[in-house]
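One file, structure.txt, is given below (compact mmCIF, C-alpha atoms).
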# COMPACT_ATOMS: atom_id res chain seq x y z
CA MET A 14 -8.37 3.19 24.54
CA HIS A 15 -8.79 1.68 21.14
CA GLY A 16 -11.50 2.05 18.49
CA GLU A 17 -11.84 0.93 14.87
CA TYR A 18 -14.18 2.03 12.13
CA LYS A 19 -14.42 0.66 8.61
CA MET A 20 -15.56 3.66 6.61
CA PRO A 21 -18.33 2.57 4.21
CA GLY A 22 -16.79 2.58 0.74
CA GLY A 23 -13.46 3.46 2.37
CA LYS A 24 -10.73 1.93 4.47
CA LEU A 25 -10.18 1.03 8.11
CA VAL A 26 -9.62 3.99 10.43
CA VAL A 27 -8.20 3.20 13.88
CA ALA A 28 -7.92 5.47 16.92
CA ASP A 29 -5.70 4.81 19.93
CA LEU A 30 -5.90 7.48 22.62
CA GLU A 31 -6.16 8.39 26.27
CA VAL A 32 -8.32 10.88 28.13
CA ARG A 33 -6.85 13.19 30.76
CA ASP A 34 -8.91 15.85 32.55
CA GLY A 35 -11.72 15.19 30.10
CA LYS A 36 -9.54 15.88 27.06
CA LEU A 37 -8.12 13.62 24.35
CA THR A 38 -4.41 13.01 24.63
CA ARG A 39 -1.76 10.71 23.15
CA VAL A 40 -3.91 10.38 20.03
CA TRP A 41 -2.67 8.02 17.32
CA ILE A 42 -4.80 7.66 14.21
CA SER A 43 -3.82 4.79 11.93
CA GLY A 44 -5.20 2.49 9.26
CA ASP A 45 -4.90 1.24 5.69
CA PHE A 46 -6.10 4.50 4.13
CA PHE A 47 -4.20 6.90 1.85
CA LEU A 48 -3.16 10.47 2.65
CA GLU A 49 -1.10 12.93 0.64
CA PRO A 50 1.21 14.30 1.76
CA ASP A 51 2.02 11.60 4.31
CA SER A 52 2.91 14.24 6.91
CA ALA A 53 -0.83 14.95 7.16
CA LEU A 54 -1.20 12.04 9.58
CA THR A 55 0.61 14.03 12.28
CA LEU A 56 -1.69 17.00 11.61
CA ILE A 57 -4.70 14.81 12.38
CA ASP A 58 -3.19 13.53 15.65
CA VAL A 59 -2.22 17.05 16.74
CA ALA A 60 -5.65 18.46 15.83
CA LEU A 61 -7.36 16.00 18.16
CA GLU A 62 -4.97 16.54 21.08
CA GLY A 63 -6.77 18.50 23.80
CA VAL A 64 -10.22 18.24 22.22
CA PRO A 65 -12.86 17.61 24.94
CA ALA A 66 -13.84 13.95 24.97
CA VAL A 67 -17.49 14.98 25.18
CA ALA A 68 -17.29 17.14 22.03
CA SER A 69 -19.71 16.01 19.34
CA ASP A 70 -18.56 13.95 16.34
CA GLU A 71 -19.20 17.06 14.23
CA LYS A 72 -16.85 19.15 16.38
CA LYS A 73 -14.14 16.50 16.27
CA ALA A 74 -14.49 16.15 12.50
CA ALA A 75 -14.36 19.93 12.12
CA ALA A 76 -11.12 20.08 14.13
CA VAL A 77 -9.56 17.49 11.81
CA ARG A 78 -10.85 19.22 8.67
CA ALA A 79 -9.53 22.61 9.79
CA ALA A 80 -6.08 21.17 10.53
CA LEU A 81 -5.80 19.44 7.15
CA GLY A 82 -6.76 22.40 5.01
CA PRO A 83 -7.63 22.18 1.32
CA ASN A 84 -4.37 20.72 -0.02
CA VAL A 85 -4.35 17.36 1.73
CA ARG A 86 -5.81 14.57 -0.39
CA MET A 87 -7.65 11.74 1.33
CA TYR A 88 -8.61 8.34 -0.07
CA GLY A 89 -10.54 5.90 2.04
CA ILE A 90 -10.59 8.23 5.06
CA SER A 91 -12.49 11.39 5.99
CA PRO A 92 -12.66 13.74 9.00
CA GLU A 93 -16.05 12.20 9.81
CA ALA A 94 -14.61 8.66 9.78
CA VAL A 95 -11.81 9.78 12.11
CA ALA A 96 -14.44 11.19 14.50
CA VAL A 97 -16.31 7.87 14.52
CA ALA A 98 -13.10 5.92 15.25
CA VAL A 99 -12.35 8.34 18.11
CA GLN A 100 -15.88 7.91 19.49
CA ARG A 101 -15.49 4.13 19.37
CA ALA A 102 -12.17 4.41 21.21
CA LEU A 103 -13.90 6.49 23.90
CA GLU A 104 -16.43 3.68 24.21
CA ASP A 105 -13.40 1.35 24.01
CA ARG A 106 -14.90 -0.98 21.47
CA ALA A 107 -12.98 -2.25 18.49
CA MET B 2 -0.55 20.30 -15.59
CA SER B 3 -1.43 18.75 -18.93
CA ARG B 4 -1.97 15.03 -19.16
CA THR B 5 0.69 12.84 -20.76
CA GLN B 6 0.18 9.41 -22.33
CA TRP B 7 1.84 6.05 -21.76
CA SER B 8 3.16 6.31 -25.32
CA ASP B 9 4.97 9.57 -24.56
CA TYR B 10 7.59 7.52 -22.69
CA LYS B 11 10.14 4.81 -23.38
CA TRP B 12 9.30 2.41 -20.55
CA ARG B 13 12.10 0.44 -18.94
CA LEU B 14 11.90 -2.92 -17.19
CA VAL B 15 13.94 -3.57 -14.05
CA HIS B 16 13.82 -7.22 -12.95
CA VAL B 17 16.90 -8.27 -11.00
CA ALA B 18 17.96 -11.00 -8.54
CA PRO B 19 16.18 -11.37 -5.17
CA GLN B 20 16.72 -8.52 -2.73
CA PRO B 21 15.97 -8.07 0.98
CA PRO B 22 12.75 -6.35 2.12
CA ALA B 23 14.32 -3.10 3.38
CA LEU B 24 16.14 -2.66 0.07
CA HIS B 25 12.86 -3.04 -1.84
CA MET B 26 11.31 -0.29 0.31
CA ALA B 27 14.33 1.92 -0.38
CA LEU B 28 14.34 1.22 -4.12
CA ASP B 29 10.74 2.45 -4.35
CA GLU B 30 11.74 5.75 -2.78
CA VAL B 31 14.92 6.14 -4.85
CA LEU B 32 13.44 5.18 -8.22
CA THR B 33 10.38 7.41 -7.67
CA ASP B 34 12.72 10.31 -6.95
CA GLU B 35 14.91 9.47 -9.97
CA VAL B 36 11.88 9.53 -12.27
CA ALA B 37 10.70 12.77 -10.64
CA ALA B 38 14.13 14.30 -11.37
CA ARG B 39 13.93 13.02 -14.97
CA ARG B 40 17.20 11.13 -14.49
CA ARG B 41 15.45 7.80 -15.10
CA PRO B 42 12.83 6.97 -17.72
CA PRO B 43 9.47 5.69 -16.46
CA THR B 44 10.04 2.19 -15.17
CA LEU B 45 8.27 -1.07 -14.41
CA ARG B 46 10.07 -2.97 -11.67
CA ILE B 47 9.29 -6.61 -10.89
CA TRP B 48 10.28 -7.53 -7.34
CA GLU B 49 12.02 -10.74 -6.27
CA TRP B 50 12.23 -11.27 -2.53
CA SER B 51 15.20 -12.84 -0.72
CA ALA B 52 13.43 -13.14 2.64
CA SER B 53 9.97 -13.48 4.14
CA CYS B 54 8.46 -10.34 5.55
CA VAL B 55 5.40 -8.36 6.45
CA VAL B 56 5.14 -5.01 4.67
CA ILE B 57 2.87 -2.55 6.45
CA GLY B 58 1.39 0.62 4.98
CA ARG B 59 2.69 4.11 5.78
CA PHE B 60 -0.26 4.89 8.08
CA GLN B 61 -0.73 1.55 9.81
CA SER B 62 0.00 0.93 13.47
CA LEU B 63 2.86 -1.53 13.84
CA ARG B 64 1.41 -3.00 17.04
CA ASN B 65 -2.13 -3.25 15.75
CA GLU B 66 -1.16 -4.95 12.48
CA VAL B 67 1.61 -7.37 13.37
CA ASP B 68 1.95 -10.07 16.02
CA ALA B 69 5.61 -9.38 16.78
CA ASP B 70 6.15 -12.66 18.66
CA ALA B 71 4.68 -14.75 15.84
CA ALA B 72 6.75 -12.85 13.28
CA ARG B 73 9.93 -13.51 15.28
CA ARG B 74 9.02 -17.16 15.70
CA HIS B 75 8.63 -17.59 11.95
CA GLY B 76 11.74 -15.51 11.17
CA ILE B 77 9.69 -12.86 9.40
CA GLN B 78 11.00 -9.30 9.15
CA VAL B 79 8.62 -6.36 9.39
CA VAL B 80 9.15 -3.33 7.16
CA ARG B 81 7.11 -0.20 6.44
CA ARG B 82 6.66 1.15 2.91
CA ILE B 83 6.26 4.79 1.84
CA SER B 84 2.70 4.36 0.50
CA GLY B 85 -0.55 3.90 2.37
CA GLY B 86 -2.77 0.83 2.23
CA GLY B 87 -2.77 -2.45 4.08
CA ALA B 88 -0.31 -5.04 5.36
CA MET B 89 0.94 -7.77 3.09
CA PHE B 90 2.50 -11.08 4.01
CA ILE B 91 5.36 -12.05 1.73
CA GLU B 92 7.25 -15.30 1.30
CA PRO B 93 9.74 -15.58 -1.57
CA GLY B 94 8.01 -16.99 -4.62
CA ASN B 95 4.53 -16.59 -3.15
CA THR B 96 3.66 -13.18 -4.54
CA ILE B 97 4.02 -11.21 -7.72
CA THR B 98 4.95 -7.67 -6.75
CA TYR B 99 5.64 -4.82 -9.14
CA SER B 100 6.10 -1.07 -9.07
CA LEU B 101 5.45 1.53 -11.73
CA TYR B 102 7.33 4.83 -11.56
CA ALA B 103 6.08 7.61 -13.83
CA PRO B 104 5.82 11.37 -14.06
CA ASP B 105 2.61 12.31 -12.26
CA SER B 106 1.41 14.08 -15.43
CA LEU B 107 0.40 10.56 -16.53
CA VAL B 108 -2.45 10.70 -14.01
CA ALA B 109 -2.97 14.49 -13.98
CA GLY B 110 -6.54 15.52 -13.21
CA MET B 111 -7.62 12.02 -12.26
CA SER B 112 -9.30 11.11 -8.99
CA PHE B 113 -7.47 8.54 -6.86
CA GLN B 114 -9.92 5.91 -8.02
CA GLU B 115 -9.41 6.71 -11.70
CA ALA B 116 -5.63 6.75 -11.29
CA TYR B 117 -5.54 3.33 -9.63
CA GLU B 118 -7.69 1.79 -12.35
CA PHE B 119 -5.66 3.51 -15.08
CA MET B 120 -2.29 2.28 -13.79
CA ASP B 121 -3.45 -1.33 -13.61
CA ALA B 122 -5.51 -1.65 -16.80
CA TRP B 123 -2.67 -3.56 -18.49
CA VAL B 124 -2.49 -6.11 -15.69
CA ILE B 125 -6.25 -6.66 -15.71
CA ASP B 126 -5.88 -7.37 -19.46
CA ALA B 127 -3.05 -9.79 -18.72
CA LEU B 128 -5.09 -11.65 -16.07
CA GLN B 129 -8.08 -11.86 -18.39
CA GLY B 130 -5.73 -13.24 -21.05
CA LEU B 131 -4.84 -15.98 -18.56
CA GLY B 132 -8.50 -16.89 -18.32
CA ILE B 133 -9.15 -15.12 -15.01
CA ASP B 134 -12.32 -13.10 -14.69
CA ALA B 135 -10.46 -10.19 -13.08
CA TRP B 136 -11.39 -6.58 -12.47
CA TYR B 137 -10.29 -3.50 -10.56
CA GLN B 138 -12.31 -3.26 -7.34
CA PRO B 139 -12.28 0.23 -5.77
CA LEU B 140 -10.70 1.45 -3.68
CA ASN B 141 -7.50 -0.48 -4.38
CA ASP B 142 -8.07 -4.18 -5.00
CA ILE B 143 -7.57 -6.48 -7.96
CA ALA B 144 -10.45 -8.90 -7.65
CA SER B 145 -11.79 -11.96 -9.42
CA THR B 146 -14.93 -14.07 -9.23
CA ALA B 147 -12.94 -16.59 -7.16
CA GLY B 148 -11.70 -13.99 -4.65
CA LYS B 149 -9.28 -11.16 -4.12
CA ILE B 150 -6.04 -11.46 -6.09
CA GLY B 151 -4.08 -8.44 -4.94
CA GLY B 152 -3.94 -4.90 -3.69
CA ALA B 153 -2.47 -1.66 -5.00
CA ALA B 154 -1.06 1.44 -3.36
CA GLN B 155 -0.07 4.76 -4.83
CA THR B 156 1.84 7.73 -3.63
CA ARG B 157 3.09 10.89 -5.28
CA ARG B 158 6.46 12.48 -4.56
CA GLY B 159 8.03 15.51 -6.20
CA GLY B 160 6.36 15.22 -9.59
CA ALA B 161 6.32 11.44 -9.87
CA VAL B 162 3.75 8.82 -9.07
CA LEU B 163 4.63 5.46 -7.54
CA HIS B 164 2.06 2.73 -8.11
CA HIS B 165 2.82 -0.68 -6.67
CA VAL B 166 0.85 -3.89 -6.47
CA THR B 167 1.21 -7.19 -4.69
CA MET B 168 -0.72 -10.13 -6.05
CA ALA B 169 -0.91 -13.48 -4.28
CA TYR B 170 0.63 -16.29 -6.32
CA ASP B 171 0.52 -18.90 -3.58
CA ILE B 172 -0.13 -18.28 0.07
CA ASP B 173 0.30 -19.98 3.44
CA THR B 174 -2.89 -18.57 4.92
CA THR B 175 -2.39 -20.21 8.31
CA LYS B 176 0.99 -18.56 8.78
CA MET B 177 -0.35 -15.26 7.44
CA LEU B 178 -3.14 -15.22 10.01
CA GLN B 179 -0.66 -15.96 12.80
CA VAL B 180 1.49 -13.00 11.87
CA LEU B 181 -1.09 -10.42 10.74
CA ARG B 182 -3.78 -9.18 13.06
CA ILE B 183 -6.88 -8.89 10.93
CA GLY B 184 -9.69 -7.47 13.03
CA ARG B 185 -13.36 -8.17 12.73
CA GLU B 186 -14.09 -4.54 11.92
CA LYS B 187 -11.93 -4.76 8.82
CA LEU B 188 -13.98 -7.68 7.54
CA SER B 189 -17.28 -6.15 8.55
CA ASP B 190 -18.44 -5.10 5.11
CA LYS B 191 -16.76 -7.80 3.06
CA ALA B 192 -18.81 -10.45 1.34
CA THR B 193 -17.08 -13.16 3.31
CA GLN B 194 -16.20 -13.09 6.98
CA SER B 195 -13.26 -15.42 6.58
CA ALA B 196 -9.91 -13.78 5.92
CA ALA B 197 -8.63 -17.13 4.68
CA LYS B 198 -11.29 -17.19 1.99
CA ARG B 199 -10.75 -13.58 0.92
CA VAL B 200 -7.63 -14.29 -1.13
CA ASP B 201 -7.57 -16.63 -4.09
CA PRO B 202 -4.07 -16.88 -5.49
CA LEU B 203 -2.91 -16.94 -9.09
CA ARG B 204 -1.38 -20.39 -8.83
CA SER B 205 -4.67 -22.14 -8.23
CA GLN B 206 -6.43 -19.92 -10.75
CA THR B 207 -3.95 -20.40 -13.61
CA GLY B 208 -2.08 -23.65 -12.89
CA MET B 209 0.93 -21.85 -14.37
CA PRO B 210 4.42 -21.42 -12.92
CA ARG B 211 5.02 -17.99 -11.39
CA ALA B 212 7.69 -17.08 -13.95
CA GLU B 213 5.25 -17.78 -16.76
CA VAL B 214 2.56 -15.57 -15.20
CA ILE B 215 5.13 -12.76 -14.97
CA GLU B 216 6.18 -13.32 -18.59
CA ARG B 217 2.55 -13.03 -19.71
CA MET B 218 2.17 -9.83 -17.69
CA LEU B 219 5.26 -8.34 -19.31
CA GLU B 220 3.92 -9.27 -22.75
CA SER B 221 0.70 -7.46 -21.91
CA PHE B 222 2.59 -4.36 -20.78
CA ARG B 223 4.91 -4.46 -23.82
CA LYS B 224 1.97 -4.72 -26.19
CA ALA B 225 0.06 -1.89 -24.51
CA HIS B 226 2.83 0.58 -23.74
CA GLY B 227 6.18 -0.69 -25.05
CA LEU B 228 8.89 -1.96 -22.72
CA ALA B 229 12.67 -2.24 -23.07
CA PHE B 230 15.08 -4.04 -20.76
CA GLY B 231 16.77 -1.74 -18.29
CA LYS B 232 18.94 -2.02 -15.22
CA LEU B 233 19.54 -0.43 -11.88
CA GLU B 234 22.24 2.22 -12.09
CA PRO B 235 25.10 1.70 -9.59
CA ALA B 236 24.35 5.10 -8.04
CA GLU B 237 20.67 4.16 -7.58
CA LEU B 238 21.58 0.88 -5.91
CA ALA B 239 24.15 2.58 -3.68
CA ARG B 240 21.64 5.20 -2.57
CA ALA B 241 18.99 2.53 -1.95
CA GLN B 242 21.40 0.47 0.14
CA GLU B 243 22.23 3.54 2.17
CA LEU B 244 18.52 4.29 2.71
CA ALA B 245 17.75 0.65 3.52
CA ALA B 246 20.25 0.90 6.39
CA SER B 247 19.62 4.48 7.57
CA LYS B 248 15.81 4.51 7.27
CA PHE B 249 13.97 1.34 6.30
CA SER B 250 15.75 -0.98 8.76
CA THR B 251 15.32 1.38 11.69
CA GLU B 252 12.82 1.20 14.52
CA ALA B 253 12.28 4.96 14.10
CA TRP B 254 10.74 4.41 10.65
CA THR B 255 9.08 1.01 11.12
CA GLY B 256 7.55 2.22 14.38
CA ILE B 257 6.72 5.74 13.18
CA VAL B 258 3.08 4.84 13.87
CA PRO B 259 3.57 2.57 16.89

Could you show the structure in this file as structure tokens?
Amino acid sequence: MHGEYKMPGGKLVVADLEVRDGKLTRVWISGDFFLEPDSALTLIDVALEGVPAVASDEKKAAAVRAALGPNVRMYGISPEAVAVAVQRALEDRA
Amino acid sequence: MSRTQWSDYKWRLVHVAPQPPALHMALDEVLTDEVAARRRPPTLRIWEWSASCVVIGRFQSLRNEVDADAARRHGIQVVRRISGGGAMFIEPGNTITYSLYAPDSLVAGMSFQEAYEFMDAWVIDALQGLGIDAWYQPLNDIASTAGKIGGAAQTRRGGAVLHHVTMAYDIDTTKMLQVLRIGREKLSDKATQSAAKRVDPLRSQTGMPRAEVIERMLESFRKAHGLAFGKLEPAELARAQELAASKFSTEAWTGIVP
């Protein structure tokens, strides 16, 4: 499943994922945003793995925020934007 | 960390013969690390390309961004750089690409947005000197009244900042749109819905040869910050060639976000 979200005032955030037993799996977040350090991208993917598909956007964003911690710098992407891209993937609309 | 100034450094220019895409990716990593280690003075590198390619950003999906069949058909390599940002379509002579490598104290305490604008102020001056009504357009574009000119990306590694920019000099938009997948969502909040109309290259805006545009840019940098001719050290080139082969030409790196 594939979803895209152009964050207002930010960059494109893309989610590719599958759902198994009602949970997100094989999550790949991508896009033309900026993240420091670059290893933070994996933290986002791992944070979303196993999250219930029906969880609210707020819960998904909170999972991403908690995994990133205070030292990751984001430009053109936010935990909320990631949650929207995931939601769009679940609705499978680009 | 206390802020340093451009004038605290003796800036070096590196502008050498055309090199292949993977080597350019590797040189950015090596020269950033050399500046971080204080083995190399802060440097402006002008890129010359020996082959056509698509350069995707660190966080972009290879599959989502590039039409692999079209790229193969046109003989276009695909490489991934170490900084974030968007895909660029490169043909030798069609872009002006440069990198700045500096201690990250130069942008200490700045937001991303401030740091991007700060690193490119000299090039905006140069473009304005060429009669282009150019400005820095957050988050990371160099824009003009006639359309987008280029895009910037920054990354920080081990105490150094890498800031690189690709500006369109001339562009085969038809080929670009065959090779790059540019989705509707990406264009959703742009003033124009046509990707072809989004870029307005320097050639049509200045009527000047590419080499002359570069010369005017270097004059602008020299006047603002000082700039002396430099070279690539043999050890830097050797390390970059090694990295080009062991990392930047591999499927493991290019497909790190499949």

task = Excluding A:Ala60 and residues on its chain fewer than 4 positions from it, collect all residues at most 9 Å away from it, counting only C-alpha atoms, and give them as a PyMOL selection string.
result = chain A and resi 55-56+64+73+76-81

query = Given a cut-off of 10 Å, which residues of chain B touch chain A, counting only C-alpha atoms, written out as a PyMOL selection string?
reply = chain B and resi 57-63+65-66+83-88+112-114+139-141+154-158+184-190+258-259

task = Quick one: everything within 9 Å of B:Lys248, counting all atoms listed in the file, minus sequence neighbours fewer than 5 positions away in the same chain. Send it as a PyMOL selection string.
result = chain B and resi 23+27+243+253-255

inquiry  = At a cut-off of 9 Å, using all atoms listed in the file, what residues contact A:Gly35? Leave out same-chain residues fewer than 5 positions from it and give the result as a ChimeraX atom specification.
reply    = /A:63-67

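Rounded to one decimal, atom CA of B:Lys11 and atom CA of B:Ala229 lie 7.5 Å from each other.
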
query = So how many Å separate atom CA of B:His164 and atom CA of B:Glu213, to one decimal?
reply = 22.5 Å

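Closest approach to B:Gly130 from the set B:Asp173, B:Asp201, B:Glu115, B:Glu220 is made by B:Glu220, with distances taken over only C-alpha atoms.
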
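Coordinates place atom CA of A:Leu103 at a distance of 11.3 Å from atom CA of A:Ala68.
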
Taking 3 positions as the minimum chain separation for residues in the same chain, which residues sit within 10 Å of B:Ala72 when counting all atoms listed in the file? Answer as a CSV table (one decimal) with C-alpha atoms, in the coordinates of the input.
chain,number,residue,atom,x,y,z
B,53,SER,CA,10.0,-13.5,4.1
B,54,CYS,CA,8.5,-10.3,5.6
B,55,VAL,CA,5.4,-8.4,6.4
B,67,VAL,CA,1.6,-7.4,13.4
B,68,ASP,CA,2.0,-10.1,16.0
B,69,ALA,CA,5.6,-9.4,16.8
B,75,HIS,CA,8.6,-17.6,12.0
B,76,GLY,CA,11.7,-15.5,11.2
B,77,ILE,CA,9.7,-12.9,9.4
B,78,GLN,CA,11.0,-9.3,9.2
B,79,VAL,CA,8.6,-6.4,9.4
B,176,LYS,CA,1.0,-18.6,8.8
B,177,MET,CA,-0.4,-15.3,7.4
B,179,GLN,CA,-0.7,-16.0,12.8
B,180,VAL,CA,1.5,-13.0,11.9
B,181,LEU,CA,-1.1,-10.4,10.7

Export: stretch 27-38 of chain A, N, CA and C atoms, as an mmCIF file, in the first residue's frame:
data_model
loop_
_atom_site.group_PDB
_atom_site.id
_atom_site.type_symbol
_atom_site.label_atom_id
_atom_site.label_comp_id
_atom_site.auth_asym_id
_atom_site.auth_seq_id
_atom_site.Cartn_x
_atom_site.Cartn_y
_atom_site.Cartn_z
ATOM 1 N N VAL A 27 6.366 10.023 1.942
ATOM 2 C CA VAL A 27 5.768 8.873 1.270
ATOM 3 C C VAL A 27 5.793 7.679 2.220
ATOM 4 N N ALA A 28 4.695 6.927 2.238
ATOM 5 C CA ALA A 28 4.651 5.703 3.046
ATOM 6 C C ALA A 28 4.332 4.515 2.142
ATOM 7 N N ASP A 29 5.164 3.479 2.209
ATOM 8 C CA ASP A 29 4.867 2.202 1.575
ATOM 9 C C ASP A 29 4.802 1.171 2.691
ATOM 10 N N LEU A 30 3.747 0.404 2.756
ATOM 11 C CA LEU A 30 3.578 -0.520 3.884
ATOM 12 C C LEU A 30 2.596 -1.634 3.553
ATOM 13 N N GLU A 31 2.537 -2.594 4.458
ATOM 14 C CA GLU A 31 1.536 -3.658 4.378
ATOM 15 C C GLU A 31 0.853 -3.760 5.737
ATOM 16 N N VAL A 32 -0.295 -4.424 5.745
ATOM 17 C CA VAL A 32 -0.989 -4.671 7.011
ATOM 18 C C VAL A 32 -1.137 -6.180 7.177
ATOM 19 N N ARG A 33 -0.685 -6.680 8.351
ATOM 20 C CA ARG A 33 -0.874 -8.107 8.636
ATOM 21 C C ARG A 33 -1.481 -8.225 10.027
ATOM 22 N N ASP A 34 -2.544 -8.987 10.150
ATOM 23 C CA ASP A 34 -3.254 -9.146 11.427
ATOM 24 C C ASP A 34 -3.603 -7.790 12.027
ATOM 25 N N GLY A 35 -3.966 -6.852 11.171
ATOM 26 C CA GLY A 35 -4.401 -5.539 11.655
ATOM 27 C C GLY A 35 -3.276 -4.612 12.064
ATOM 28 N N LYS A 36 -2.018 -5.056 11.833
ATOM 29 C CA LYS A 36 -0.888 -4.220 12.247
ATOM 30 C C LYS A 36 -0.021 -3.829 11.053
ATOM 31 N N LEU A 37 0.594 -2.637 11.159
ATOM 32 C CA LEU A 37 1.482 -2.166 10.096
ATOM 33 C C LEU A 37 2.729 -3.036 10.054
ATOM 34 N N THR A 38 3.138 -3.385 8.844
ATOM 35 C CA THR A 38 4.393 -4.120 8.707
ATOM 36 C C THR A 38 5.057 -3.742 7.389
#
